[in-house]
Amino acid sequence: MSKRFFSLLPLAFAAALPACAGEYAVLTNGFRIHVERHQTAGSSVRLYSQDGVTEMPASSVAAFEAEDYTAPPAPLVPPKVDAALPVTDARTLVRDAARRTGLPPALVESVARIESALRPEAVSPKGALGVMQLMPATAGALAADPHNTAQNIDAGARLLRELLLKYDGDVVKALSAYNAGPGAVDRYQGMPPYAETRDYVDKVIRTYVKTGAK
């Protein structure tokens, strides 16, 4: 994970902690983040990786699973898509799309904010379009018009859901794949060593944690 994703604690403090096997921190919404170890400190929990440590409310973490734990498959429930979505403000459309796809609205909104700052007119240097910054080919595969704000947002939420299912709820892998593509995540068996992707995942998760991971 990116060093920017973590607020680094003093090295002497970190070195004093006992070593333990890798594990997954399971958030209260079912998402999983891979860490080397954790430590509970009052109402907070510290998650350690090889690059540092991040701190979040203990109430945001439901459980910790051993690295070799195999999560049960998530039920594949096709999302209900309204072909005539009302075009209102982008934030409302983002949260509505999240609810239709069964994702936490705060997570989808965090992705949208980092992707485009919720701007329907946003176009990246690589040609990604709209609030969820979909490439035309990706939008086409999702049967969406990327220039239509409602369809763009709905397709982006569906894509994020598919990636979370693909990676068994591992939010870091899913976000990495949203940014760099599943091929890169599969090739590196996790977050690829791309500065852009590391920075992207860092920003999305920081934004999400600030909302209370609701």
# chains A, B, ... in the order shown; residues from 1 in each chain; ligands from 1
call {"tool": "select_by_dssp", "arguments": {"residues": "region 33-191 of chain A", "states": "strand (DSSP E or B)", "output": "ChimeraX atom specification"}}
result
/A:33-35,37-41,44-49,52-57,61-66,123,129,134,170
call {"tool": "residues_around", "arguments": {"residues": "Ala25 (chain A)", "least_positions_apart": "2", "cutoff": "8 Å", "atoms": "only C-alpha atoms", "output": "list of chain:residue names"}}
result
A:Glu23, A:Leu27, A:Arg32, A:Ile33, A:His34, A:Val35, A:Leu47, A:Val61, A:Ala62, A:Ala63, A:Phe64, A:Glu65
call {"tool": "residues_around", "arguments": {"residues": "Ile205 (chain A)", "least_positions_apart": "3", "cutoff": "10 Å", "atoms": "only C-alpha atoms", "output": "list in words"}}
result
Phe5, Leu107, Ser110, Val111, Ile114, Val171, Val172, Leu175, Tyr200, Val201, Asp202, Tyr208, Val209, Lys210, Thr211 and Ala213 of chain A
call {"tool": "write_last_selection", "arguments": {"atoms": "C-alpha atoms", "output": "compact mmCIF listing (two decimals), in the first residue's frame"}}
result
# COMPACT_ATOMS: atom_id res chain seq x y z
CA PHE A 5 -2.19 5.94 2.83
CA LEU A 107 -17.96 4.56 -0.58
CA SER A 110 -15.78 8.81 -2.19
CA VAL A 111 -14.86 7.20 -5.50
CA ILE A 114 -11.70 11.45 -6.19
CA VAL A 171 -11.77 -2.92 -1.01
CA VAL A 172 -8.10 -2.15 -1.74
CA LEU A 175 -10.32 0.23 -5.90
CA TYR A 200 -5.80 6.98 -5.86
CA VAL A 201 -6.52 4.23 -3.34
CA ASP A 202 -5.01 6.37 -0.60
CA TYR A 208 -14.30 7.11 2.95
CA VAL A 209 -12.91 6.76 6.49
CA LYS A 210 -13.63 10.45 7.15
CA THR A 211 -17.32 9.77 6.47
CA ALA A 213 -17.31 4.21 6.78
call {"tool": "closest_residue", "arguments": {"among": "A:Arg158, A:Pro105, A:Ala150, A:Ala112", "to": "Gln133 (chain A)", "atoms": "only C-alpha atoms"}}
result
A:Ala112
call {"tool": "select_by_dssp", "arguments": {"residues": "region 75-199 of chain A", "states": "helix (DSSP H, G or I)", "output": "PyMOL selection string"}}
result
chain A and resi 90-101+105-116+136-141+149-166+171-180+182-188+195-199
